[in-house]
There are 2 protein chains.
Amino acid sequence: MEEIRLIEVKEDIMSDNDAVAKSIRHRLAEAKTFLINLMASPGAGKTSLILKTHALLKKDIRIGVIEADIDSMVDAEKVAAQGAAAVQLKTGGFCHVDAAMVQKGLNNMNLGDLDLIIVENVGNLVCPAEFDIGESKKVMILSVPEGDDKPLKYPLMFSVCDVLVVNKIDYLHMSDFDIEAMRERVLSLNPGIKIFEVSSKTGEGIEAWANWLKGEVISFVTTD
Amino acid sequence: MEEIRLIEVKEDIMSDNDAVAKSIRHRLAEAKTFLINLMASPGAGKTSLILKTHALLKKDIRIGVIEADIDSMVDAEKVAAQGAAAVQLKTGGFCHVDAAMVQKGLNNMNLGDLDLIIVENVGNLVCPAEFDIGESKKVMILSVPEGDDKPLKYPLMFSVCDVLVVNKIDYLHMSDFDIEAMRERVLSLNPGIKIFEVSSKTGEGIEAWANWLKGEVISFVTTD
């Protein structure tokens, strides 16, 4: 009984969510603003990747950030300190960002002034994977200390993302993380996924990721 | 509207869950079996800590493990290979273990043969914190690579746990993790929490944790 009731509600929520996501996608196409939904476990390095990406790309494209946290402002403060337009969403007890929350975030930003908005989702490899937030691309981070078996355990997240950023590769030398085994697991779930290997700490690989992102944004904002 | 509907259902689920948790707690008291609810982010080292703990304590107490994963058997296989009684729960899309799932797991174990059962929850710092599964103690792991700011971002998890195991302290020398700042943040949320610092890889600190756990189990199973 319990499971059936939960699933019914989930379907209602999902269908409401998909309608809002669709309207966000339309709004962003009009405004020519590219939206990234950035997902990862707690501590995988979402905020650090945003800071590094912003530092590299801010001269070329105008970037805003929507930070989502259950109960804290620390990420938005870090991002704003570096000069990005930042909005903080407090999700209360919610374990993911849904389209309605993003809609509220967008209402507090000037889309005409932004080419790219990055939504930093709640740290969680499960729930965020199920919600369309109207994004242009879904991007996830897997950090080396989490282990190479994560695609086996959280297959939906690895299946729905357009891009996987493998972060903290500076930890590879002191870890048993098998990057080839991880790649095979991810590609068997999602053959079209794009994979970048980076270290936000040392900067290795960040440029390749940032250049790819810049290309996507420019192509999006210059399309008629 | 959407939020109100979700909260109502959550309350129903929670109240059903609490009733099942209560019956589990009663059943375990009768059987004299101690239950640990082990929670953490993906990749923080739940399975490794279970393996190390089992290796140290198996001569003194009889240990079973309930592994919960969305879709994989790898953890149960590792644990069973080391000789622990293991049950795998596949949670489907669910992002946490609830009491009904644990009840099903217990139905597949011989409680009379077990002093301690460890439930390895789904890797997630959000949802599992909300569900009573009839456990004797809630234990969480925070691993050093996740960062010292996690108590600020996932306060409920740090507030509800009886024990915090800080894992991967062998990474401290190459990290900016401030262990004193983390301790202060955790203790301000939860002054009664017990904190152990360990490395499942090097074995440092594991004995202190295992000795504490053994003392709790023996005290529980020998109480009239």
# chains A, B, ... in the order shown; residues from 1 in each chain; ligands from 1
>>> select_by_dssp(residues="range 42-184 of chain B", states="alpha helix (DSSP H)", output="compact mmCIF listing (two decimals) with all heavy atoms, in the first residue's frame")
# COMPACT_ATOMS: atom_id res chain seq x y z
N LYS B 46 31.29 3.19 3.32
CA LYS B 46 30.40 2.39 4.17
C LYS B 46 30.79 0.90 4.12
O LYS B 46 30.97 0.26 5.15
CB LYS B 46 28.94 2.56 3.74
CG LYS B 46 28.37 3.95 3.97
CD LYS B 46 26.92 4.09 3.58
CE LYS B 46 26.66 3.99 2.09
NZ LYS B 46 27.35 4.98 1.24
N THR B 47 30.91 0.37 2.91
CA THR B 47 31.20 -1.07 2.78
C THR B 47 32.59 -1.39 3.36
O THR B 47 32.75 -2.40 4.05
CB THR B 47 31.12 -1.50 1.30
OG1 THR B 47 29.92 -0.98 0.72
CG2 THR B 47 31.11 -3.02 1.19
N SER B 48 33.55 -0.54 3.10
CA SER B 48 34.89 -0.79 3.64
C SER B 48 34.88 -0.80 5.16
O SER B 48 35.53 -1.65 5.79
CB SER B 48 35.87 0.28 3.18
OG SER B 48 35.90 0.35 1.79
N LEU B 49 34.15 0.14 5.78
CA LEU B 49 34.09 0.16 7.23
C LEU B 49 33.41 -1.10 7.76
O LEU B 49 33.85 -1.68 8.77
CB LEU B 49 33.34 1.41 7.73
CG LEU B 49 33.35 1.58 9.25
CD1 LEU B 49 34.74 1.93 9.76
CD2 LEU B 49 32.35 2.66 9.71
N ILE B 50 32.37 -1.54 7.08
CA ILE B 50 31.69 -2.79 7.50
C ILE B 50 32.67 -3.97 7.42
O ILE B 50 32.75 -4.79 8.34
CB ILE B 50 30.45 -3.05 6.61
CG1 ILE B 50 29.35 -2.02 6.93
CG2 ILE B 50 29.93 -4.47 6.79
CD1 ILE B 50 28.17 -2.05 5.96
N LEU B 51 33.42 -4.04 6.34
CA LEU B 51 34.37 -5.17 6.17
C LEU B 51 35.43 -5.15 7.26
O LEU B 51 35.75 -6.18 7.86
CB LEU B 51 35.01 -5.11 4.77
CG LEU B 51 34.06 -5.38 3.60
CD1 LEU B 51 34.76 -5.10 2.26
CD2 LEU B 51 33.54 -6.82 3.62
N LYS B 52 35.98 -3.98 7.55
CA LYS B 52 37.02 -3.86 8.58
C LYS B 52 36.45 -4.20 9.96
O LYS B 52 37.09 -4.85 10.79
CB LYS B 52 37.58 -2.43 8.62
CG LYS B 52 38.41 -2.05 7.43
CD LYS B 52 39.82 -2.61 7.56
CE LYS B 52 40.63 -2.29 6.30
NZ LYS B 52 41.98 -2.82 6.35
N THR B 53 35.24 -3.72 10.22
CA THR B 53 34.61 -3.94 11.52
C THR B 53 34.29 -5.43 11.70
O THR B 53 34.56 -6.01 12.77
CB THR B 53 33.31 -3.10 11.61
OG1 THR B 53 33.63 -1.73 11.33
CG2 THR B 53 32.68 -3.21 12.98
N HIS B 54 33.78 -6.03 10.65
CA HIS B 54 33.47 -7.46 10.70
C HIS B 54 34.74 -8.28 10.95
O HIS B 54 34.76 -9.20 11.78
CB HIS B 54 32.80 -7.89 9.38
CG HIS B 54 32.52 -9.36 9.30
ND1 HIS B 54 33.30 -10.23 8.57
CD2 HIS B 54 31.57 -10.12 9.89
CE1 HIS B 54 32.82 -11.46 8.70
NE2 HIS B 54 31.77 -11.42 9.49
N ALA B 55 35.81 -7.93 10.26
CA ALA B 55 37.07 -8.68 10.42
C ALA B 55 37.57 -8.61 11.86
O ALA B 55 38.04 -9.60 12.43
CB ALA B 55 38.12 -8.13 9.45
N LEU B 56 37.43 -7.43 12.48
CA LEU B 56 37.91 -7.26 13.86
C LEU B 56 37.01 -7.92 14.89
O LEU B 56 37.49 -8.42 15.91
CB LEU B 56 38.00 -5.76 14.21
CG LEU B 56 39.31 -5.06 13.94
CD1 LEU B 56 39.17 -3.57 14.29
CD2 LEU B 56 40.46 -5.68 14.73
N LEU B 57 35.72 -7.93 14.66
CA LEU B 57 34.77 -8.33 15.72
C LEU B 57 34.18 -9.72 15.55
O LEU B 57 33.51 -10.23 16.45
CB LEU B 57 33.62 -7.31 15.80
CG LEU B 57 33.99 -5.89 16.23
CD1 LEU B 57 32.74 -5.02 16.37
CD2 LEU B 57 34.77 -5.89 17.56
N VAL B 74 26.91 -5.64 -5.68
CA VAL B 74 28.34 -5.71 -5.44
C VAL B 74 28.71 -5.65 -3.96
O VAL B 74 29.62 -6.35 -3.52
CB VAL B 74 29.15 -4.63 -6.23
CG1 VAL B 74 29.11 -4.92 -7.72
CG2 VAL B 74 28.65 -3.22 -5.95
N ASP B 75 28.00 -4.85 -3.17
CA ASP B 75 28.36 -4.73 -1.76
C ASP B 75 28.05 -6.02 -1.00
O ASP B 75 28.86 -6.49 -0.20
CB ASP B 75 27.65 -3.55 -1.11
CG ASP B 75 28.21 -2.22 -1.61
OD1 ASP B 75 29.33 -2.23 -2.17
OD2 ASP B 75 27.55 -1.20 -1.42
N ALA B 76 26.86 -6.59 -1.24
CA ALA B 76 26.49 -7.82 -0.55
C ALA B 76 27.47 -8.93 -0.90
O ALA B 76 27.83 -9.75 -0.05
CB ALA B 76 25.07 -8.23 -0.91
N GLU B 77 27.92 -8.95 -2.14
CA GLU B 77 28.88 -9.98 -2.56
C GLU B 77 30.21 -9.84 -1.80
O GLU B 77 30.78 -10.83 -1.34
CB GLU B 77 29.09 -9.92 -4.08
CG GLU B 77 27.90 -10.50 -4.85
CD GLU B 77 27.82 -10.09 -6.32
OE1 GLU B 77 28.78 -9.43 -6.81
OE2 GLU B 77 26.81 -10.40 -6.96
N LYS B 78 30.65 -8.60 -1.65
CA LYS B 78 31.91 -8.37 -0.90
C LYS B 78 31.78 -8.82 0.54
O LYS B 78 32.69 -9.43 1.11
CB LYS B 78 32.26 -6.87 -0.90
CG LYS B 78 32.89 -6.36 -2.18
CD LYS B 78 33.27 -4.87 -2.00
CE LYS B 78 33.38 -4.16 -3.34
NZ LYS B 78 33.39 -2.71 -3.22
N VAL B 79 30.66 -8.48 1.16
CA VAL B 79 30.45 -8.79 2.56
C VAL B 79 30.30 -10.30 2.76
O VAL B 79 30.88 -10.88 3.67
CB VAL B 79 29.19 -8.03 3.08
CG1 VAL B 79 28.79 -8.51 4.44
CG2 VAL B 79 29.48 -6.53 3.10
N ALA B 80 29.53 -10.95 1.88
CA ALA B 80 29.32 -12.39 1.98
C ALA B 80 30.64 -13.13 1.77
O ALA B 80 30.92 -14.15 2.43
CB ALA B 80 28.28 -12.84 0.96
N ALA B 81 31.47 -12.60 0.87
CA ALA B 81 32.76 -13.25 0.59
C ALA B 81 33.62 -13.30 1.84
O ALA B 81 34.49 -14.16 1.99
CB ALA B 81 33.49 -12.49 -0.53
N ALA B 99 11.51 1.57 7.06
CA ALA B 99 11.35 0.48 8.03
C ALA B 99 10.78 -0.79 7.37
O ALA B 99 11.19 -1.91 7.69
CB ALA B 99 10.46 0.94 9.18
N ALA B 100 9.86 -0.61 6.41
CA ALA B 100 9.25 -1.78 5.75
C ALA B 100 10.32 -2.59 5.00
O ALA B 100 10.28 -3.82 4.98
CB ALA B 100 8.15 -1.33 4.80
N MET B 101 11.27 -1.90 4.40
CA MET B 101 12.35 -2.61 3.70
C MET B 101 13.21 -3.41 4.70
O MET B 101 13.59 -4.54 4.44
CB MET B 101 13.25 -1.61 2.96
CG MET B 101 12.58 -0.85 1.82
SD MET B 101 13.78 0.32 1.09
CE MET B 101 12.66 1.54 0.37
N VAL B 102 13.50 -2.78 5.82
CA VAL B 102 14.31 -3.46 6.84
C VAL B 102 13.54 -4.68 7.37
O VAL B 102 14.12 -5.76 7.54
CB VAL B 102 14.67 -2.51 7.99
CG1 VAL B 102 15.35 -3.25 9.13
CG2 VAL B 102 15.58 -1.39 7.47
N GLN B 103 12.24 -4.50 7.57
CA GLN B 103 11.41 -5.63 8.04
C GLN B 103 11.56 -6.81 7.07
O GLN B 103 11.76 -7.95 7.49
CB GLN B 103 9.93 -5.15 8.11
CG GLN B 103 8.97 -6.10 8.79
CD GLN B 103 9.13 -6.08 10.32
OE1 GLN B 103 10.09 -6.66 10.86
NE2 GLN B 103 8.22 -5.44 11.01
N LYS B 104 11.49 -6.54 5.77
CA LYS B 104 11.67 -7.60 4.77
C LYS B 104 13.05 -8.24 4.87
O LYS B 104 13.21 -9.45 4.75
CB LYS B 104 11.47 -7.05 3.35
CG LYS B 104 10.01 -6.89 2.97
CD LYS B 104 9.88 -6.37 1.53
CE LYS B 104 8.50 -5.73 1.34
NZ LYS B 104 8.46 -4.77 0.24
N GLY B 105 14.05 -7.40 5.08
CA GLY B 105 15.41 -7.92 5.23
C GLY B 105 15.51 -8.85 6.44
O GLY B 105 16.05 -9.96 6.36
N LEU B 106 14.94 -8.40 7.56
CA LEU B 106 15.01 -9.19 8.80
C LEU B 106 14.28 -10.53 8.64
O LEU B 106 14.69 -11.54 9.21
CB LEU B 106 14.39 -8.42 9.98
CG LEU B 106 15.10 -7.12 10.36
CD1 LEU B 106 14.36 -6.44 11.52
CD2 LEU B 106 16.56 -7.36 10.76
N ASN B 107 13.23 -10.54 7.82
CA ASN B 107 12.48 -11.78 7.59
C ASN B 107 13.33 -12.84 6.87
O ASN B 107 12.98 -14.00 6.85
CB ASN B 107 11.22 -11.50 6.76
CG ASN B 107 10.20 -10.70 7.53
OD1 ASN B 107 10.28 -10.60 8.76
ND2 ASN B 107 9.24 -10.10 6.84
N LYS B 150 30.39 20.05 5.21
CA LYS B 150 29.18 19.23 5.06
C LYS B 150 28.18 19.38 6.21
O LYS B 150 26.97 19.36 5.98
CB LYS B 150 29.54 17.75 4.83
CG LYS B 150 30.18 17.48 3.48
CD LYS B 150 29.31 17.89 2.33
CE LYS B 150 30.07 18.23 1.05
NZ LYS B 150 30.90 19.42 1.09
N PRO B 151 28.61 19.57 7.48
CA PRO B 151 27.62 19.80 8.55
C PRO B 151 26.76 21.04 8.28
O PRO B 151 25.59 21.09 8.68
CB PRO B 151 28.48 19.98 9.80
CG PRO B 151 29.77 19.32 9.48
CD PRO B 151 29.98 19.48 8.01
N LEU B 152 27.31 22.04 7.59
CA LEU B 152 26.54 23.24 7.28
C LEU B 152 25.48 22.95 6.22
O LEU B 152 24.43 23.58 6.18
CB LEU B 152 27.46 24.35 6.73
CG LEU B 152 28.59 24.79 7.66
CD1 LEU B 152 29.50 25.78 6.94
CD2 LEU B 152 28.01 25.43 8.92
N LYS B 153 25.77 21.99 5.35
CA LYS B 153 24.90 21.76 4.20
C LYS B 153 23.89 20.66 4.43
O LYS B 153 22.86 20.63 3.76
CB LYS B 153 25.76 21.43 2.99
CG LYS B 153 26.64 22.59 2.60
CD LYS B 153 27.38 22.24 1.37
CE LYS B 153 27.91 23.45 0.67
NZ LYS B 153 28.48 23.06 -0.62
N PRO B 155 22.55 19.55 7.68
CA PRO B 155 22.50 19.60 9.14
C PRO B 155 21.64 18.50 9.77
O PRO B 155 21.96 18.01 10.86
CB PRO B 155 21.93 20.99 9.43
CG PRO B 155 21.28 21.44 8.17
CD PRO B 155 22.05 20.80 7.06
N LEU B 156 20.56 18.09 9.08
CA LEU B 156 19.69 17.09 9.70
C LEU B 156 20.45 15.78 9.94
O LEU B 156 20.37 15.20 11.03
CB LEU B 156 18.45 16.83 8.84
CG LEU B 156 17.47 15.82 9.46
CD1 LEU B 156 16.87 16.33 10.76
CD2 LEU B 156 16.35 15.45 8.47
N MET B 157 21.19 15.34 8.93
CA MET B 157 21.93 14.08 9.08
C MET B 157 22.89 14.14 10.27
O MET B 157 22.94 13.22 11.09
CB MET B 157 22.70 13.78 7.78
CG MET B 157 23.52 12.51 7.80
SD MET B 157 22.53 11.01 8.05
CE MET B 157 21.93 10.72 6.38
N PHE B 158 23.63 15.24 10.38
CA PHE B 158 24.58 15.36 11.49
C PHE B 158 23.86 15.49 12.84
O PHE B 158 24.42 15.16 13.88
CB PHE B 158 25.52 16.54 11.25
CG PHE B 158 26.54 16.30 10.17
CD1 PHE B 158 26.23 16.51 8.84
CD2 PHE B 158 27.80 15.81 10.49
CE1 PHE B 158 27.16 16.26 7.83
CE2 PHE B 158 28.75 15.55 9.50
CZ PHE B 158 28.42 15.77 8.16
N SER B 159 22.62 16.00 12.81
CA SER B 159 21.87 16.20 14.05
C SER B 159 21.28 14.91 14.59
O SER B 159 21.13 14.76 15.80
CB SER B 159 20.72 17.19 13.82
OG SER B 159 21.23 18.42 13.37
N VAL B 160 20.89 13.99 13.70
CA VAL B 160 20.15 12.80 14.17
C VAL B 160 21.07 11.63 14.52
O VAL B 160 20.61 10.66 15.12
CB VAL B 160 19.10 12.32 13.12
CG1 VAL B 160 18.06 13.40 12.86
CG2 VAL B 160 19.75 11.84 11.83
N ILE B 179 39.84 19.76 10.46
CA ILE B 179 39.12 18.79 11.30
C ILE B 179 38.56 19.45 12.56
O ILE B 179 37.48 19.08 13.04
CB ILE B 179 40.00 17.54 11.58
CG1 ILE B 179 39.11 16.33 11.91
CG2 ILE B 179 41.02 17.79 12.66
CD1 ILE B 179 39.76 15.00 11.60
N GLU B 180 39.24 20.47 13.05
CA GLU B 180 38.72 21.17 14.23
C GLU B 180 37.47 21.98 13.89
O GLU B 180 36.50 22.00 14.64
CB GLU B 180 39.80 22.05 14.88
CG GLU B 180 40.78 21.25 15.73
CD GLU B 180 40.12 20.19 16.63
OE1 GLU B 180 39.17 20.53 17.36
OE2 GLU B 180 40.53 19.01 16.57
N ALA B 181 37.50 22.65 12.74
CA ALA B 181 36.33 23.42 12.30
C ALA B 181 35.14 22.49 12.09
O ALA B 181 34.00 22.80 12.48
CB ALA B 181 36.64 24.18 11.01
N MET B 182 35.41 21.32 11.47
CA MET B 182 34.34 20.33 11.25
C MET B 182 33.74 19.88 12.58
O MET B 182 32.52 19.85 12.76
CB MET B 182 34.92 19.16 10.46
CG MET B 182 33.95 18.07 10.05
SD MET B 182 33.57 16.87 11.36
CE MET B 182 35.20 16.23 11.72
N ARG B 183 34.63 19.55 13.55
CA ARG B 183 34.17 19.12 14.88
C ARG B 183 33.27 20.16 15.52
O ARG B 183 32.23 19.85 16.08
CB ARG B 183 35.38 18.94 15.82
CG ARG B 183 35.97 17.57 15.80
CD ARG B 183 37.13 17.49 16.82
NE ARG B 183 37.62 16.14 16.88
CZ ARG B 183 37.08 15.18 17.63
NH1 ARG B 183 36.07 15.44 18.44
NH2 ARG B 183 37.54 13.96 17.59
N GLU B 184 33.70 21.41 15.47
CA GLU B 184 32.90 22.49 16.07
C GLU B 184 31.53 22.59 15.43
O GLU B 184 30.51 22.75 16.11
CB GLU B 184 33.61 23.84 15.91
CG GLU B 184 34.57 24.12 17.04
CD GLU B 184 35.36 25.41 16.79
OE1 GLU B 184 34.78 26.37 16.25
OE2 GLU B 184 36.56 25.42 17.12
>>> residues_around(residues="Gly43 in chain B", least_positions_apart="4", cutoff="9 Å", atoms="only C-alpha atoms", output="MDAnalysis selection string")
(chainID A and resid 41 145:150) or (chainID B and resid 47 123 143)
>>> write_last_selection(atoms="N, CA and C atoms", output="PDB file, in the first residue's frame")
ATOM      1  N   SER A  41      27.505  13.916  -5.947  1.00  0.00           N
ATOM      2  CA  SER A  41      27.461  13.604  -4.519  1.00  0.00           C
ATOM      3  C   SER A  41      27.882  14.830  -3.708  1.00  0.00           C
ATOM      4  N   PRO A 145      37.785  10.001  -5.131  1.00  0.00           N
ATOM      5  CA  PRO A 145      37.653   9.309  -3.839  1.00  0.00           C
ATOM      6  C   PRO A 145      36.330   8.556  -3.653  1.00  0.00           C
ATOM      7  N   GLU A 146      35.328   8.853  -4.456  1.00  0.00           N
ATOM      8  CA  GLU A 146      34.046   8.136  -4.331  1.00  0.00           C
ATOM      9  C   GLU A 146      34.124   6.701  -4.837  1.00  0.00           C
ATOM     10  N   GLY A 147      35.072   6.417  -5.695  1.00  0.00           N
ATOM     11  CA  GLY A 147      35.213   5.045  -6.170  1.00  0.00           C
ATOM     12  C   GLY A 147      34.687   4.826  -7.574  1.00  0.00           C
ATOM     13  N   ASP A 148      35.280   3.820  -8.248  1.00  0.00           N
ATOM     14  CA  ASP A 148      34.943   3.570  -9.654  1.00  0.00           C
ATOM     15  C   ASP A 148      33.686   2.722  -9.829  1.00  0.00           C
ATOM     16  N   ASP A 149      33.077   2.300  -8.695  1.00  0.00           N
ATOM     17  CA  ASP A 149      31.873   1.455  -8.797  1.00  0.00           C
ATOM     18  C   ASP A 149      30.572   2.261  -8.815  1.00  0.00           C
ATOM     19  N   LYS A 150      30.659   3.567  -8.741  1.00  0.00           N
ATOM     20  CA  LYS A 150      29.438   4.378  -8.632  1.00  0.00           C
ATOM     21  C   LYS A 150      28.475   4.211  -9.813  1.00  0.00           C
TER      22      LYS A 150
ATOM     23  N   THR B  47      30.909   0.367   2.907  1.00  0.00           N
ATOM     24  CA  THR B  47      31.204  -1.066   2.781  1.00  0.00           C
ATOM     25  C   THR B  47      32.585  -1.390   3.357  1.00  0.00           C
ATOM     26  N   GLY B 123      23.563   5.471  -0.439  1.00  0.00           N
ATOM     27  CA  GLY B 123      24.492   6.593  -0.334  1.00  0.00           C
ATOM     28  C   GLY B 123      23.784   7.911  -0.567  1.00  0.00           C
ATOM     29  N   SER B 143      33.618  11.413   4.867  1.00  0.00           N
ATOM     30  CA  SER B 143      34.990  11.159   4.428  1.00  0.00           C
ATOM     31  C   SER B 143      35.689  12.481   4.129  1.00  0.00           C
TER      32      SER B 143
END
>>> residues_around(residues="range 21-36 of chain B", least_positions_apart="5", cutoff="7 Å", atoms="only C-alpha atoms", output="MDAnalysis selection string")
chainID B and resid 99 103 111:112 114:119 132:139 217 220:221
>>> residues_around(residues="Ala40 in chain A", least_positions_apart="6", cutoff="7 Å", atoms="only C-alpha atoms", output="list in words")
Lys46, Gly123, Asn124, Leu125, Met140, Ile141 and Leu142 of chain A
>>> select_by_dssp(residues="range 81-168 of chain A", states="strand (DSSP E or B)", output="PDB file with N, CA, C and O atoms, in the first residue's frame")
ATOM      1  N   ALA A  85      26.840  36.480 -10.934  1.00  0.00           N
ATOM      2  CA  ALA A  85      25.480  36.746 -10.468  1.00  0.00           C
ATOM      3  C   ALA A  85      24.978  35.487  -9.780  1.00  0.00           C
ATOM      4  O   ALA A  85      24.910  34.437 -10.403  1.00  0.00           O
ATOM      5  N   ALA A  86      24.673  35.577  -8.492  1.00  0.00           N
ATOM      6  CA  ALA A  86      24.336  34.364  -7.750  1.00  0.00           C
ATOM      7  C   ALA A  86      22.993  34.477  -7.057  1.00  0.00           C
ATOM      8  O   ALA A  86      22.654  35.518  -6.505  1.00  0.00           O
ATOM      9  N   VAL A  87      22.237  33.404  -7.105  1.00  0.00           N
ATOM     10  CA  VAL A  87      20.972  33.297  -6.383  1.00  0.00           C
ATOM     11  C   VAL A  87      21.048  32.040  -5.531  1.00  0.00           C
ATOM     12  O   VAL A  87      21.509  31.003  -5.993  1.00  0.00           O
ATOM     13  N   GLN A  88      20.626  32.142  -4.283  1.00  0.00           N
ATOM     14  CA  GLN A  88      20.608  30.959  -3.416  1.00  0.00           C
ATOM     15  C   GLN A  88      19.181  30.456  -3.259  1.00  0.00           C
ATOM     16  O   GLN A  88      18.293  31.209  -2.861  1.00  0.00           O
ATOM     17  N   LEU A  89      18.961  29.187  -3.559  1.00  0.00           N
ATOM     18  CA  LEU A  89      17.687  28.534  -3.246  1.00  0.00           C
ATOM     19  C   LEU A  89      17.881  27.703  -2.002  1.00  0.00           C
ATOM     20  O   LEU A  89      18.798  26.883  -1.942  1.00  0.00           O
ATOM     21  N   LYS A  90      17.016  27.892  -1.010  1.00  0.00           N
ATOM     22  CA  LYS A  90      17.031  26.962   0.123  1.00  0.00           C
ATOM     23  C   LYS A  90      15.925  25.937  -0.114  1.00  0.00           C
ATOM     24  O   LYS A  90      14.755  26.292  -0.212  1.00  0.00           O
ATOM     25  N   LEU A 116      24.859  32.179 -19.782  1.00  0.00           N
ATOM     26  CA  LEU A 116      24.937  30.846 -19.179  1.00  0.00           C
ATOM     27  C   LEU A 116      24.496  30.936 -17.726  1.00  0.00           C
ATOM     28  O   LEU A 116      24.947  31.819 -16.991  1.00  0.00           O
ATOM     29  N   ILE A 117      23.625  30.028 -17.330  1.00  0.00           N
ATOM     30  CA  ILE A 117      23.297  29.881 -15.903  1.00  0.00           C
ATOM     31  C   ILE A 117      23.632  28.448 -15.505  1.00  0.00           C
ATOM     32  O   ILE A 117      23.246  27.491 -16.183  1.00  0.00           O
ATOM     33  N   ILE A 118      24.380  28.320 -14.432  1.00  0.00           N
ATOM     34  CA  ILE A 118      24.686  26.987 -13.902  1.00  0.00           C
ATOM     35  C   ILE A 118      23.862  26.794 -12.631  1.00  0.00           C
ATOM     36  O   ILE A 118      23.940  27.603 -11.711  1.00  0.00           O
ATOM     37  N   VAL A 119      23.063  25.723 -12.603  1.00  0.00           N
ATOM     38  CA  VAL A 119      22.320  25.379 -11.387  1.00  0.00           C
ATOM     39  C   VAL A 119      23.129  24.326 -10.641  1.00  0.00           C
ATOM     40  O   VAL A 119      23.361  23.229 -11.151  1.00  0.00           O
ATOM     41  N   GLU A 120      23.593  24.679  -9.442  1.00  0.00           N
ATOM     42  CA  GLU A 120      24.260  23.679  -8.602  1.00  0.00           C
ATOM     43  C   GLU A 120      23.192  22.969  -7.794  1.00  0.00           C
ATOM     44  O   GLU A 120      22.609  23.526  -6.868  1.00  0.00           O
ATOM     45  N   LYS A 137      21.694  21.205 -20.796  1.00  0.00           N
ATOM     46  CA  LYS A 137      22.499  19.992 -20.628  1.00  0.00           C
ATOM     47  C   LYS A 137      22.531  19.594 -19.157  1.00  0.00           C
ATOM     48  O   LYS A 137      22.616  20.450 -18.277  1.00  0.00           O
ATOM     49  N   LYS A 138      22.525  18.291 -18.937  1.00  0.00           N
ATOM     50  CA  LYS A 138      22.732  17.744 -17.592  1.00  0.00           C
ATOM     51  C   LYS A 138      24.201  17.351 -17.472  1.00  0.00           C
ATOM     52  O   LYS A 138      24.713  16.598 -18.311  1.00  0.00           O
ATOM     53  N   VAL A 139      24.852  17.828 -16.442  1.00  0.00           N
ATOM     54  CA  VAL A 139      26.272  17.544 -16.227  1.00  0.00           C
ATOM     55  C   VAL A 139      26.435  16.961 -14.830  1.00  0.00           C
ATOM     56  O   VAL A 139      25.856  17.482 -13.870  1.00  0.00           O
ATOM     57  N   MET A 140      27.183  15.880 -14.700  1.00  0.00           N
ATOM     58  CA  MET A 140      27.455  15.352 -13.363  1.00  0.00           C
ATOM     59  C   MET A 140      28.949  15.295 -13.112  1.00  0.00           C
ATOM     60  O   MET A 140      29.751  15.225 -14.041  1.00  0.00           O
ATOM     61  N   ILE A 141      29.299  15.352 -11.838  1.00  0.00           N
ATOM     62  CA  ILE A 141      30.685  15.170 -11.418  1.00  0.00           C
ATOM     63  C   ILE A 141      30.769  13.862 -10.638  1.00  0.00           C
ATOM     64  O   ILE A 141      29.922  13.579  -9.795  1.00  0.00           O
ATOM     65  N   LEU A 142      31.788  13.076 -10.936  1.00  0.00           N
ATOM     66  CA  LEU A 142      32.153  11.940 -10.075  1.00  0.00           C
ATOM     67  C   LEU A 142      33.571  12.227  -9.610  1.00  0.00           C
ATOM     68  O   LEU A 142      34.449  12.476 -10.440  1.00  0.00           O
ATOM     69  N   SER A 143      33.805  12.223  -8.292  1.00  0.00           N
ATOM     70  CA  SER A 143      35.164  12.483  -7.817  1.00  0.00           C
ATOM     71  C   SER A 143      35.857  11.165  -7.512  1.00  0.00           C
ATOM     72  O   SER A 143      35.228  10.199  -7.072  1.00  0.00           O
ATOM     73  N   VAL A 163      27.079  14.945 -19.874  1.00  0.00           N
ATOM     74  CA  VAL A 163      28.510  15.102 -19.623  1.00  0.00           C
ATOM     75  C   VAL A 163      28.853  14.552 -18.247  1.00  0.00           C
ATOM     76  O   VAL A 163      28.115  14.767 -17.279  1.00  0.00           O
ATOM     77  N   LEU A 164      29.972  13.843 -18.168  1.00  0.00           N
ATOM     78  CA  LEU A 164      30.528  13.405 -16.881  1.00  0.00           C
ATOM     79  C   LEU A 164      31.886  14.084 -16.709  1.00  0.00           C
ATOM     80  O   LEU A 164      32.769  13.939 -17.554  1.00  0.00           O
ATOM     81  N   VAL A 165      32.024  14.830 -15.620  1.00  0.00           N
ATOM     82  CA  VAL A 165      33.317  15.409 -15.272  1.00  0.00           C
ATOM     83  C   VAL A 165      33.903  14.560 -14.135  1.00  0.00           C
ATOM     84  O   VAL A 165      33.314  14.486 -13.057  1.00  0.00           O
ATOM     85  N   VAL A 166      35.010  13.889 -14.401  1.00  0.00           N
ATOM     86  CA  VAL A 166      35.676  13.101 -13.361  1.00  0.00           C
ATOM     87  C   VAL A 166      36.642  14.047 -12.662  1.00  0.00           C
ATOM     88  O   VAL A 166      37.625  14.486 -13.260  1.00  0.00           O
ATOM     89  N   ASN A 167      36.349  14.374 -11.402  1.00  0.00           N
ATOM     90  CA  ASN A 167      37.119  15.394 -10.677  1.00  0.00           C
ATOM     91  C   ASN A 167      38.075  14.739  -9.667  1.00  0.00           C
ATOM     92  O   ASN A 167      37.956  13.565  -9.358  1.00  0.00           O
TER      93      ASN A 167
END
>>> residues_around(residues="Val198 in chain B", least_positions_apart="3", cutoff="9 Å", atoms="only C-alpha atoms", output="list of chain:residue names")
B:Val165, B:Val166, B:Asn167, B:Lys168, B:Ile169, B:Asp170, B:Lys201, B:Thr202, B:Gly203, B:Glu204, B:Gly205, B:Ile206, B:Glu207, B:Ala208, B:Trp209
>>> closest_residue(among="B:Ser72, B:Gln82, B:Ser200, B:Asn37", to="chain A", atoms="only C-alpha atoms")
B:Ser72
